[in-house]
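**Student:** See start-v5.pdb below, with PDB, C-alpha atoms, pLDDT in the B column.
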ATOM      1  CA  MET A   1     -15.025  40.838 -37.739  1.00 44.00           C
ATOM      2  CA  ARG A   2     -17.400  39.383 -40.295  1.00 44.00           C
ATOM      3  CA  LEU A   3     -14.467  37.860 -42.172  1.00 37.00           C
ATOM      4  CA  LEU A   4     -13.180  36.300 -38.949  1.00 38.00           C
ATOM      5  CA  ALA A   5     -16.600  34.811 -38.212  1.00 39.00           C
ATOM      6  CA  LEU A   6     -16.797  33.323 -41.707  1.00 34.00           C
ATOM      7  CA  LEU A   7     -13.296  31.906 -41.309  1.00 35.00           C
ATOM      8  CA  VAL A   8     -14.170  30.227 -38.001  1.00 36.00           C
ATOM      9  CA  LEU A   9     -17.354  28.804 -39.531  1.00 37.00           C
ATOM     10  CA  PHE A  10     -15.385  27.437 -42.485  1.00 37.00           C
ATOM     11  CA  ILE A  11     -12.842  25.761 -40.197  1.00 38.00           C
ATOM     12  CA  SER A  12     -15.659  24.213 -38.147  1.00 44.00           C
ATOM     13  CA  ILE A  13     -17.448  22.834 -41.191  1.00 43.00           C
ATOM     14  CA  ASN A  14     -14.205  21.597 -42.721  1.00 46.00           C
ATOM     15  CA  GLY A  15     -13.209  19.879 -39.463  1.00 51.00           C
ATOM     16  CA  HIS A  16     -16.494  17.947 -39.314  1.00 58.00           C
ATOM     17  CA  GLY A  17     -16.622  17.262 -43.050  1.00 67.00           C
ATOM     18  CA  GLN A  18     -15.220  13.757 -42.594  1.00 88.00           C
ATOM     19  CA  TRP A  19     -18.197  12.679 -40.453  1.00 93.00           C
ATOM     20  CA  LYS A  20     -21.535  11.542 -41.808  1.00 94.00           C
ATOM     21  CA  SER A  21     -23.145  12.326 -38.469  1.00 95.00           C
ATOM     22  CA  PHE A  22     -22.118  13.450 -34.975  1.00 93.00           C
ATOM     23  CA  ILE A  23     -23.307  15.348 -31.919  1.00 94.00           C
ATOM     24  CA  ILE A  24     -21.685  18.130 -29.921  1.00 93.00           C
ATOM     25  CA  GLY A  25     -21.241  17.375 -26.212  1.00 88.00           C
ATOM     26  CA  VAL A  26     -21.828  19.776 -23.342  1.00 86.00           C
ATOM     27  CA  ARG A  27     -18.090  20.542 -23.305  1.00 88.00           C
ATOM     28  CA  GLY A  28     -18.061  21.291 -27.003  1.00 90.00           C
ATOM     29  CA  ASP A  29     -16.377  18.031 -28.031  1.00 91.00           C
ATOM     30  CA  THR A  30     -17.524  15.956 -31.004  1.00 93.00           C
ATOM     31  CA  LEU A  31     -19.265  12.727 -29.934  1.00 96.00           C
ATOM     32  CA  ASN A  32     -21.051   9.774 -31.535  1.00 97.00           C
ATOM     33  CA  ARG A  33     -19.187  10.203 -34.789  1.00 97.00           C
ATOM     34  CA  VAL A  34     -20.084   8.079 -37.807  1.00 97.00           C
ATOM     35  CA  ASP A  35     -17.700   8.241 -40.762  1.00 96.00           C
ATOM     36  CA  MET A  36     -18.544   8.171 -44.455  1.00 95.00           C
ATOM     37  CA  LYS A  37     -18.385   4.356 -44.415  1.00 95.00           C
ATOM     38  CA  ASP A  38     -21.075   4.217 -41.703  1.00 96.00           C
ATOM     39  CA  LYS A  39     -18.560   3.123 -39.053  1.00 97.00           C
ATOM     40  CA  LYS A  40     -18.609   4.463 -35.506  1.00 97.00           C
ATOM     41  CA  GLN A  41     -15.411   6.280 -34.569  1.00 97.00           C
ATOM     42  CA  GLY A  42     -14.047   7.977 -31.474  1.00 97.00           C
ATOM     43  CA  PRO A  43     -15.828   8.798 -28.187  1.00 97.00           C
ATOM     44  CA  TRP A  44     -19.448   7.698 -27.830  1.00 98.00           C
ATOM     45  CA  VAL A  45     -22.167   8.238 -25.257  1.00 97.00           C
ATOM     46  CA  VAL A  46     -25.312   6.079 -25.321  1.00 96.00           C
ATOM     47  CA  LYS A  47     -28.412   6.530 -23.177  1.00 95.00           C
ATOM     48  CA  VAL A  48     -30.940   3.704 -22.820  1.00 96.00           C
ATOM     49  CA  PRO A  49     -34.224   4.603 -21.039  1.00 95.00           C
ATOM     50  CA  ASP A  50     -36.186   2.380 -18.660  1.00 95.00           C
ATOM     51  CA  LEU A  51     -38.222  -0.109 -20.657  1.00 93.00           C
ATOM     52  CA  ARG A  52     -40.754  -2.776 -19.608  1.00 93.00           C
ATOM     53  CA  GLY A  53     -39.393  -3.104 -16.091  1.00 91.00           C
ATOM     54  CA  GLU A  54     -35.743  -3.100 -17.210  1.00 92.00           C
ATOM     55  CA  ARG A  55     -33.649  -0.325 -15.746  1.00 95.00           C
ATOM     56  CA  GLY A  56     -32.106   2.153 -18.124  1.00 96.00           C
ATOM     57  CA  TYR A  57     -28.467   3.156 -18.185  1.00 97.00           C
ATOM     58  CA  GLU A  58     -25.893   5.416 -19.783  1.00 97.00           C
ATOM     59  CA  GLU A  59     -22.771   4.035 -21.428  1.00 97.00           C
ATOM     60  CA  GLU A  60     -19.624   5.816 -22.550  1.00 98.00           C
ATOM     61  CA  GLY A  61     -16.485   4.649 -24.305  1.00 98.00           C
ATOM     62  CA  TYR A  62     -14.501   4.656 -27.532  1.00 98.00           C
ATOM     63  CA  TYR A  63     -15.044   3.096 -30.964  1.00 98.00           C
ATOM     64  CA  GLU A  64     -12.467   2.165 -33.567  1.00 97.00           C
ATOM     65  CA  ASP A  65     -13.863   1.157 -36.955  1.00 97.00           C
ATOM     66  CA  ASP A  66     -17.278   0.272 -35.494  1.00 97.00           C
ATOM     67  CA  GLN A  67     -15.820  -1.851 -32.669  1.00 97.00           C
ATOM     68  CA  LYS A  68     -15.610  -1.054 -28.986  1.00 98.00           C
ATOM     69  CA  GLU A  69     -12.033  -0.445 -27.879  1.00 98.00           C
ATOM     70  CA  GLY A  70     -10.475   0.256 -24.493  1.00 98.00           C
ATOM     71  CA  THR A  71     -12.420   1.039 -21.327  1.00 98.00           C
ATOM     72  CA  TRP A  72     -16.208   1.432 -21.382  1.00 98.00           C
ATOM     73  CA  LYS A  73     -18.169   2.586 -18.343  1.00 98.00           C
ATOM     74  CA  LYS A  74     -21.852   2.066 -17.663  1.00 98.00           C
ATOM     75  CA  PHE A  75     -23.888   4.175 -15.224  1.00 98.00           C
ATOM     76  CA  SER A  76     -27.409   4.037 -13.885  1.00 97.00           C
ATOM     77  CA  LEU A  77     -29.660   6.930 -14.859  1.00 96.00           C
ATOM     78  CA  ASP A  78     -28.989   8.239 -11.334  1.00 95.00           C
ATOM     79  CA  GLY A  79     -25.264   8.417 -12.059  1.00 96.00           C
ATOM     80  CA  VAL A  80     -24.106   5.316 -10.143  1.00 97.00           C
ATOM     81  CA  LYS A  81     -21.410   3.273 -11.914  1.00 98.00           C
ATOM     82  CA  ILE A  82     -22.723  -0.238 -12.520  1.00 97.00           C
ATOM     83  CA  ALA A  83     -20.044  -1.628 -14.846  1.00 98.00           C
ATOM     84  CA  GLU A  84     -16.539  -0.995 -16.125  1.00 98.00           C
ATOM     85  CA  GLU A  85     -15.534  -3.156 -19.080  1.00 98.00           C
ATOM     86  CA  ASN A  86     -12.450  -3.402 -21.277  1.00 98.00           C
ATOM     87  CA  TYR A  87     -12.537  -4.263 -24.974  1.00 98.00           C
ATOM     88  CA  ARG A  88     -10.121  -5.328 -27.703  1.00 98.00           C
ATOM     89  CA  TRP A  89     -11.163  -5.944 -31.288  1.00 96.00           C
ATOM     90  CA  GLY A  90     -14.755  -5.313 -30.216  1.00 97.00           C
ATOM     91  CA  LYS A  91     -14.734  -8.116 -27.638  1.00 98.00           C
ATOM     92  CA  LEU A  92     -14.325  -8.272 -23.868  1.00 98.00           C
ATOM     93  CA  ASN A  93     -10.654  -8.473 -22.935  1.00 98.00           C
ATOM     94  CA  GLY A  94      -8.956  -8.302 -19.569  1.00 97.00           C
ATOM     95  CA  LYS A  95     -10.540  -7.181 -16.304  1.00 98.00           C
ATOM     96  CA  GLN A  96     -14.266  -6.420 -16.044  1.00 98.00           C
ATOM     97  CA  GLN A  97     -16.057  -5.075 -12.957  1.00 98.00           C
ATOM     98  CA  TYR A  98     -19.777  -5.135 -12.196  1.00 98.00           C
ATOM     99  CA  PHE A  99     -21.601  -3.274  -9.426  1.00 98.00           C
ATOM    100  CA  THR A 100     -25.093  -3.144  -7.967  1.00 96.00           C
ATOM    101  CA  TYR A 101     -27.304  -0.094  -8.500  1.00 94.00           C
ATOM    102  CA  ASN A 102     -26.274   0.939  -4.999  1.00 93.00           C
ATOM    103  CA  GLY A 103     -22.594   0.933  -5.969  1.00 94.00           C
ATOM    104  CA  GLY A 104     -21.510  -2.285  -4.223  1.00 96.00           C
ATOM    105  CA  LEU A 105     -18.962  -4.448  -6.054  1.00 97.00           C
ATOM    106  CA  LEU A 106     -20.736  -7.571  -7.291  1.00 97.00           C
ATOM    107  CA  ARG A 107     -18.069  -9.497  -9.228  1.00 97.00           C
ATOM    108  CA  VAL A 108     -14.789  -9.159 -11.119  1.00 98.00           C
ATOM    109  CA  GLU A 109     -14.341 -11.124 -14.325  1.00 98.00           C
ATOM    110  CA  HIS A 110     -11.376 -11.753 -16.622  1.00 98.00           C
ATOM    111  CA  TRP A 111     -11.751 -12.414 -20.349  1.00 98.00           C
ATOM    112  CA  ARG A 112      -9.448 -12.961 -23.306  1.00 97.00           C
ATOM    113  CA  ALA A 113     -10.100 -11.798 -26.856  1.00 97.00           C
ATOM    114  CA  ILE A 114      -8.212 -13.296 -29.789  1.00 95.00           C
ATOM    115  CA  ASP A 115      -6.700 -11.223 -32.575  1.00 94.00           C
ATOM    116  CA  PRO A 116      -8.971 -11.697 -35.619  1.00 94.00           C
ATOM    117  CA  ALA A 117      -5.816 -12.103 -37.740  1.00 93.00           C
ATOM    118  CA  ASN A 118      -4.932 -15.332 -35.892  1.00 93.00           C
ATOM    119  CA  ALA A 119      -6.728 -18.615 -36.553  1.00 94.00           C
ATOM    120  CA  TYR A 120      -5.567 -20.084 -33.230  1.00 93.00           C
ATOM    121  CA  ASP A 121      -4.349 -18.890 -29.853  1.00 93.00           C
ATOM    122  CA  THR A 122      -2.130 -20.664 -27.325  1.00 91.00           C
ATOM    123  CA  VAL A 123      -1.960 -19.924 -23.606  1.00 90.00           C
ATOM    124  CA  ALA A 124      -0.137 -21.498 -20.686  1.00 90.00           C
ATOM    125  CA  VAL A 125      -2.050 -23.416 -18.009  1.00 89.00           C
ATOM    126  CA  TYR A 126      -0.847 -22.946 -14.425  1.00 90.00           C
ATOM    127  CA  ASP A 127      -1.413 -25.067 -11.348  1.00 88.00           C
ATOM    128  CA  VAL A 128      -4.514 -23.698  -9.636  1.00 86.00           C
ATOM    129  CA  ASN A 129      -2.739 -24.103  -6.277  1.00 84.00           C
ATOM    130  CA  ASP A 130       0.609 -22.708  -7.487  1.00 86.00           C
ATOM    131  CA  PRO A 131       0.304 -19.834  -9.985  1.00 83.00           C
ATOM    132  CA  ASN A 132       4.033 -20.036 -10.777  1.00 89.00           C
ATOM    133  CA  LYS A 133       3.919 -23.696 -11.868  1.00 91.00           C
ATOM    134  CA  GLU A 134       3.048 -24.279 -15.537  1.00 90.00           C
ATOM    135  CA  VAL A 135       1.277 -27.603 -16.091  1.00 88.00           C
ATOM    136  CA  GLY A 136       0.553 -27.394 -19.809  1.00 88.00           C
ATOM    137  CA  GLN A 137      -0.777 -25.267 -22.627  1.00 90.00           C
ATOM    138  CA  VAL A 138      -4.146 -24.847 -24.282  1.00 87.00           C
ATOM    139  CA  VAL A 139      -4.556 -24.410 -28.021  1.00 91.00           C
ATOM    140  CA  VAL A 140      -7.923 -22.967 -29.043  1.00 91.00           C
ATOM    141  CA  LYS A 141      -9.431 -22.140 -32.415  1.00 93.00           C
ATOM    142  CA  ASN A 142     -10.517 -18.554 -32.952  1.00 93.00           C
ATOM    143  CA  ASP A 143     -14.298 -18.537 -33.363  1.00 93.00           C
ATOM    144  CA  GLY A 144     -14.626 -14.764 -33.077  1.00 93.00           C
ATOM    145  CA  LYS A 145     -15.761 -14.749 -29.453  1.00 94.00           C
ATOM    146  CA  ALA A 146     -14.101 -13.680 -26.223  1.00 96.00           C
ATOM    147  CA  MET A 147     -13.488 -16.413 -23.661  1.00 96.00           C
ATOM    148  CA  LYS A 148     -13.493 -16.489 -19.894  1.00 96.00           C
ATOM    149  CA  HIS A 149      -9.819 -16.511 -18.945  1.00 96.00           C
ATOM    150  CA  GLY A 150      -8.352 -15.856 -15.533  1.00 95.00           C
ATOM    151  CA  GLN A 151      -9.861 -15.482 -12.082  1.00 95.00           C
ATOM    152  CA  TRP A 152     -13.508 -14.632 -11.490  1.00 97.00           C
ATOM    153  CA  THR A 153     -14.283 -13.272  -8.036  1.00 97.00           C
ATOM    154  CA  TYR A 154     -17.763 -12.970  -6.528  1.00 98.00           C
ATOM    155  CA  TYR A 155     -18.421 -10.491  -3.710  1.00 98.00           C
ATOM    156  CA  ASP A 156     -21.037  -9.807  -1.103  1.00 96.00           C
ATOM    157  CA  PRO A 157     -21.972  -6.301  -2.330  1.00 93.00           C
ATOM    158  CA  ARG A 158     -23.103  -5.192   1.140  1.00 92.00           C
ATOM    159  CA  GLU A 159     -20.110  -6.389   3.152  1.00 92.00           C
ATOM    160  CA  GLY A 160     -17.470  -6.248   0.401  1.00 92.00           C
ATOM    161  CA  ARG A 161     -16.086  -9.668   1.282  1.00 96.00           C
ATOM    162  CA  ILE A 162     -15.236 -12.384  -1.227  1.00 97.00           C
ATOM    163  CA  GLU A 163     -17.874 -15.107  -1.451  1.00 96.00           C
ATOM    164  CA  ALA A 164     -16.309 -17.339  -4.108  1.00 96.00           C
ATOM    165  CA  THR A 165     -13.592 -17.506  -6.739  1.00 96.00           C
ATOM    166  CA  GLU A 166     -13.269 -19.470  -9.974  1.00 95.00           C
ATOM    167  CA  GLN A 167     -10.330 -19.920 -12.324  1.00 94.00           C
ATOM    168  CA  TYR A 168     -10.957 -20.146 -16.067  1.00 95.00           C
ATOM    169  CA  VAL A 169      -8.650 -21.170 -18.898  1.00 94.00           C
ATOM    170  CA  MET A 170      -9.928 -20.164 -22.338  1.00 93.00           C
ATOM    171  CA  GLY A 171     -13.572 -20.773 -21.499  1.00 93.00           C
ATOM    172  CA  LYS A 172     -13.071 -23.791 -19.239  1.00 92.00           C
ATOM    173  CA  LEU A 173     -13.410 -23.872 -15.467  1.00 94.00           C
ATOM    174  CA  GLN A 174     -10.234 -25.194 -13.828  1.00 92.00           C
ATOM    175  CA  THR A 175     -10.671 -27.639 -10.939  1.00 89.00           C
ATOM    176  CA  ASP A 176      -8.482 -28.082  -7.868  1.00 84.00           C
ATOM    177  CA  GLU A 177      -6.943 -31.134  -9.594  1.00 83.00           C
ATOM    178  CA  ASN A 178      -6.100 -28.955 -12.633  1.00 80.00           C
ATOM    179  CA  GLY A 179      -8.836 -30.622 -14.638  1.00 84.00           C
ATOM    180  CA  MET A 180     -11.197 -28.601 -16.827  1.00 82.00           C
ATOM    181  CA  ILE A 181     -14.984 -28.350 -16.815  1.00 85.00           C
ATOM    182  CA  ALA A 182     -16.734 -26.712 -19.746  1.00 74.00           C
ATOM    183  CA  ASP A 183     -20.315 -25.922 -20.642  1.00 59.00           C
ATOM    184  CA  ASP A 184     -22.020 -28.562 -22.784  1.00 51.00           C
ATOM    185  CA  GLU A 185     -21.871 -26.450 -25.925  1.00 41.00           C
ATOM    186  CA  ILE A 186     -18.118 -25.829 -25.677  1.00 40.00           C
ATOM    187  CA  LYS A 187     -15.952 -28.361 -27.494  1.00 45.00           C
ATOM    188  CA  PRO A 188     -13.045 -29.938 -25.572  1.00 43.00           C
ATOM    189  CA  LEU A 189      -9.676 -28.248 -25.993  1.00 45.00           C
ATOM    190  CA  SER A 190      -6.411 -30.089 -26.510  1.00 46.00           C
ATOM    191  CA  ILE A 191      -3.828 -29.683 -23.750  1.00 43.00           C
ATOM    192  CA  ARG A 192      -0.181 -30.345 -24.564  1.00 45.00           C
ATOM    193  CA  THR A 193       2.741 -30.660 -22.177  1.00 44.00           C
ATOM    194  CA  ASN A 194       5.645 -28.224 -22.154  1.00 46.00           C
ATOM    195  CA  ASN A 195       8.267 -28.180 -24.916  1.00 45.00           C
ATOM    196  CA  LYS A 196       6.101 -30.154 -27.357  1.00 48.00           C
ATOM    197  CA  ALA A 197       4.916 -28.624 -30.595  1.00 44.00           C
ATOM    198  CA  PRO A 198       1.142 -28.467 -31.063  1.00 44.00           C
ATOM    199  CA  ALA A 199      -0.321 -30.889 -33.555  1.00 46.00           C
ATOM    200  CA  ASP A 200      -2.194 -29.607 -36.557  1.00 44.00           C
ATOM    201  CA  THR A 201      -5.775 -30.042 -35.380  1.00 43.00           C
ATOM    202  CA  ALA A 202      -7.463 -28.375 -38.345  1.00 43.00           C
ATOM    203  CA  GLY A 203     -10.254 -30.620 -39.566  1.00 46.00           C
ATOM    204  CA  LYS A 204      -9.650 -33.172 -36.817  1.00 46.00           C
ATOM    205  CA  LYS A 205     -11.855 -34.076 -33.891  1.00 49.00           C
ATOM    206  CA  PRO A 206     -10.494 -32.523 -30.636  1.00 49.00           C
ATOM    207  CA  VAL A 207      -9.069 -34.999 -28.137  1.00 54.00           C
ATOM    208  CA  LYS A 208     -10.126 -34.773 -24.514  1.00 55.00           C
ATOM    209  CA  PRO A 209      -7.223 -34.161 -22.104  1.00 56.00           C
ATOM    210  CA  GLN A 210      -6.473 -36.867 -19.552  1.00 59.00           C
ATOM    211  CA  ALA A 211      -7.531 -34.456 -16.784  1.00 59.00           C
ATOM    212  CA  ILE A 212     -11.054 -34.281 -18.217  1.00 60.00           C
ATOM    213  CA  LEU A 213     -11.224 -38.066 -18.715  1.00 65.00           C
ATOM    214  CA  ASP A 214     -10.189 -38.606 -15.085  1.00 65.00           C
ATOM    215  CA  TYR A 215     -12.769 -36.050 -13.914  1.00 61.00           C
ATOM    216  CA  GLU A 216     -15.572 -37.684 -15.957  1.00 66.00           C
ATOM    217  CA  LYS A 217     -14.646 -41.124 -14.632  1.00 68.00           C
ATOM    218  CA  LYS A 218     -14.572 -39.845 -11.042  1.00 65.00           C
ATOM    219  CA  ASN A 219     -17.995 -38.201 -11.367  1.00 63.00           C
ATOM    220  CA  SER A 220     -19.716 -40.664 -13.717  1.00 65.00           C
ATOM    221  CA  ASN A 221     -22.209 -41.778 -11.056  1.00 63.00           C
ATOM    222  CA  LYS A 222     -22.844 -38.324  -9.650  1.00 54.00           C
ATOM    223  CA  LYS A 223     -25.398 -35.735 -10.616  1.00 51.00           C
ATOM    224  CA  LYS A 224     -24.358 -33.206 -13.247  1.00 48.00           C
ATOM    225  CA  VAL A 225     -22.103 -30.551 -11.771  1.00 47.00           C
ATOM    226  CA  LYS A 226     -23.496 -27.066 -12.095  1.00 47.00           C
ATOM    227  CA  VAL A 227     -21.115 -24.235 -12.893  1.00 45.00           C
ATOM    228  CA  ARG A 228     -21.751 -20.588 -12.078  1.00 49.00           C
ATOM    229  CA  ASP A 229     -21.566 -18.401 -15.157  1.00 49.00           C
ATOM    230  CA  GLY A 230     -21.692 -14.994 -13.432  1.00 50.00           C
ATOM    231  CA  ASN A 231     -25.208 -14.240 -14.639  1.00 51.00           C
ATOM    232  CA  THR A 232     -27.061 -12.137 -12.104  1.00 49.00           C
ATOM    233  CA  GLY A 233     -30.308 -11.782 -13.984  1.00 48.00           C
ATOM    234  CA  GLY A 234     -29.855  -8.063 -14.477  1.00 47.00           C
TER     235      GLY A 234
END
Rewrite the coordinates I just gave you, this time as structure tokens.

**Tutor:**
Amino acid sequence: MRLLALLVLFISINGHGQWKSFIIGVRGDTLNRVDMKDKKQGPWVVKVPDLRGERGYEEEGYYEDDQKEGTWKKFSLDGVKIAEENYRWGKLNGKQQYFTYNGGLLRVEHWRAIDPANAYDTVAVYDVNDPNKEVGQVVVKNDGKAMKHGQWTYYDPREGRIEATEQYVMGKLQTDENGMIADDEIKPLSIRTNNKAPADTAGKKPVKPQAILDYEKKNSNKKKVKVRDGNTGG
């Protein structure tokens, strides 16, 4: 019996020998693992307490080489799900959902992460009124950040009905005329028509698409257009 106990202990120590630190969950699984290179690996659970009027939360998901990967869920300290996010290469990617502390759906976002191995990414642009009609392509430089890409939907969390929708293409808000509106700090992207090879834009100043020029001309005498960014202030 004593030999068996020593054998089990040896297997346990040997199995955790690759981790610099870890915790054992309530189900006996190994969580919050940090490898010998100080990188987070595998399943993680994080608890943030209430602080200075900000509500605390619990977050759970998976790390690969110190970067969030796959689905991460966030809960209030009362156990209500307040967010479900998806990650790729440590950045938001795909569908994201956010809820109130009462559980009502607040908004659904879509993001696109770029493979760190690629210097540029190219995506098709579709007619905002006809999702099957391609009107061009966007070429964007990889600056290491995820970009808003796809439909954003805002809900009335009490009634569950849709209040507004927005369509983004690699960080730019698409208008009904298929023009693009970007935040001031975002540089214009080059749009090319179908079946034309993209020009080498490295080191060159980006050229504004005709859609943006037409939009600026149309609204030159109007007040600055404000764009919702999905921020709810907590």

**Student:** For segment 57-63 of chain A, please output as a ChimeraX atom specification all residues within 8 Å (counting only C-alpha atoms; exclusion window: fewer than 5 positions along the same chain).

**Tutor:** /A:40-50,68-77

**Student:** Between atom CA of Asn142 of chain A and atom CA of Ile181 of chain A, what distance in Å does the model show, to one decimal?

**Tutor:**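 Spanning atom CA of Asn142 of chain A to atom CA of Ile181 of chain A is a straight-line distance of 19.4 Å.
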
**Student:** Taking all atoms listed in the file into account, which of A:Tyr87, A:Tyr126, A:Phe22, A:Tyr120 comes nearest Lys141 of chain A?

**Tutor:**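 Selected residue with least distance to Lys141 of chain A: A:Tyr120.
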
**Student:** Here's the selection I'm unsure about, the PyMOL selection byres ((chain A and resi 157) around 9); applied to the file above, which residues does it give, as a PDB file with C-alpha atoms, keeping the file's coordinate frame?

**Tutor:**
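Generated file (expr29.pdb):
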ATOM      1  CA  PHE A  99     -21.601  -3.274  -9.426  1.00 98.00           C
ATOM      2  CA  THR A 100     -25.093  -3.144  -7.967  1.00 96.00           C
ATOM      3  CA  ASN A 102     -26.274   0.939  -4.999  1.00 93.00           C
ATOM      4  CA  GLY A 103     -22.594   0.933  -5.969  1.00 94.00           C
ATOM      5  CA  GLY A 104     -21.510  -2.285  -4.223  1.00 96.00           C
ATOM      6  CA  LEU A 105     -18.962  -4.448  -6.054  1.00 97.00           C
ATOM      7  CA  LEU A 106     -20.736  -7.571  -7.291  1.00 97.00           C
ATOM      8  CA  ARG A 107     -18.069  -9.497  -9.228  1.00 97.00           C
ATOM      9  CA  TYR A 154     -17.763 -12.970  -6.528  1.00 98.00           C
ATOM     10  CA  TYR A 155     -18.421 -10.491  -3.710  1.00 98.00           C
ATOM     11  CA  ASP A 156     -21.037  -9.807  -1.103  1.00 96.00           C
ATOM     12  CA  ARG A 158     -23.103  -5.192   1.140  1.00 92.00           C
ATOM     13  CA  GLU A 159     -20.110  -6.389   3.152  1.00 92.00           C
ATOM     14  CA  GLY A 160     -17.470  -6.248   0.401  1.00 92.00           C
ATOM     15  CA  ARG A 161     -16.086  -9.668   1.282  1.00 96.00           C
TER      16      ARG A 161
END

**Student:** Could you jot down the atom CA of Lys20 of chain A to atom CA of Gly56 of chain A separation for me, Å, one decimal place?

**Tutor:** 27.6 Å

**Student:** With distances taken over all atoms listed in the file, which of A:Lys37, A:Lys81, A:Lys91, A:Arg55 is nearest to Arg112 of chain A?

**Tutor:** A:Lys91

**Student:** Can we get segment 37-56 of chain A of that structure written down with C-alpha atoms, as a compact mmCIF listing (two decimals), in the first residue's frame?

**Tutor:**
# COMPACT_ATOMS: atom_id res chain seq x y z
CA LYS A 37 9.14 30.08 -19.96
CA ASP A 38 6.62 32.08 -17.90
CA LYS A 39 3.88 31.63 -20.52
CA LYS A 40 0.27 30.92 -19.62
CA GLN A 41 -0.98 27.61 -21.00
CA GLY A 42 -4.25 25.72 -20.99
CA PRO A 43 -7.46 26.46 -19.04
CA TRP A 44 -7.52 29.58 -16.87
CA VAL A 45 -9.95 31.05 -14.37
CA VAL A 46 -9.55 34.67 -13.23
CA LYS A 47 -11.52 36.41 -10.49
CA VAL A 48 -11.54 40.21 -10.24
CA PRO A 49 -13.16 41.68 -7.08
CA ASP A 50 -15.27 44.84 -6.89
CA LEU A 51 -12.99 47.86 -6.84
CA ARG A 52 -13.71 51.60 -6.49
CA GLY A 53 -17.28 51.33 -7.72
CA GLU A 54 -16.40 48.99 -10.60
CA ARG A 55 -18.16 45.66 -10.52
CA GLY A 56 -16.04 42.56 -10.23
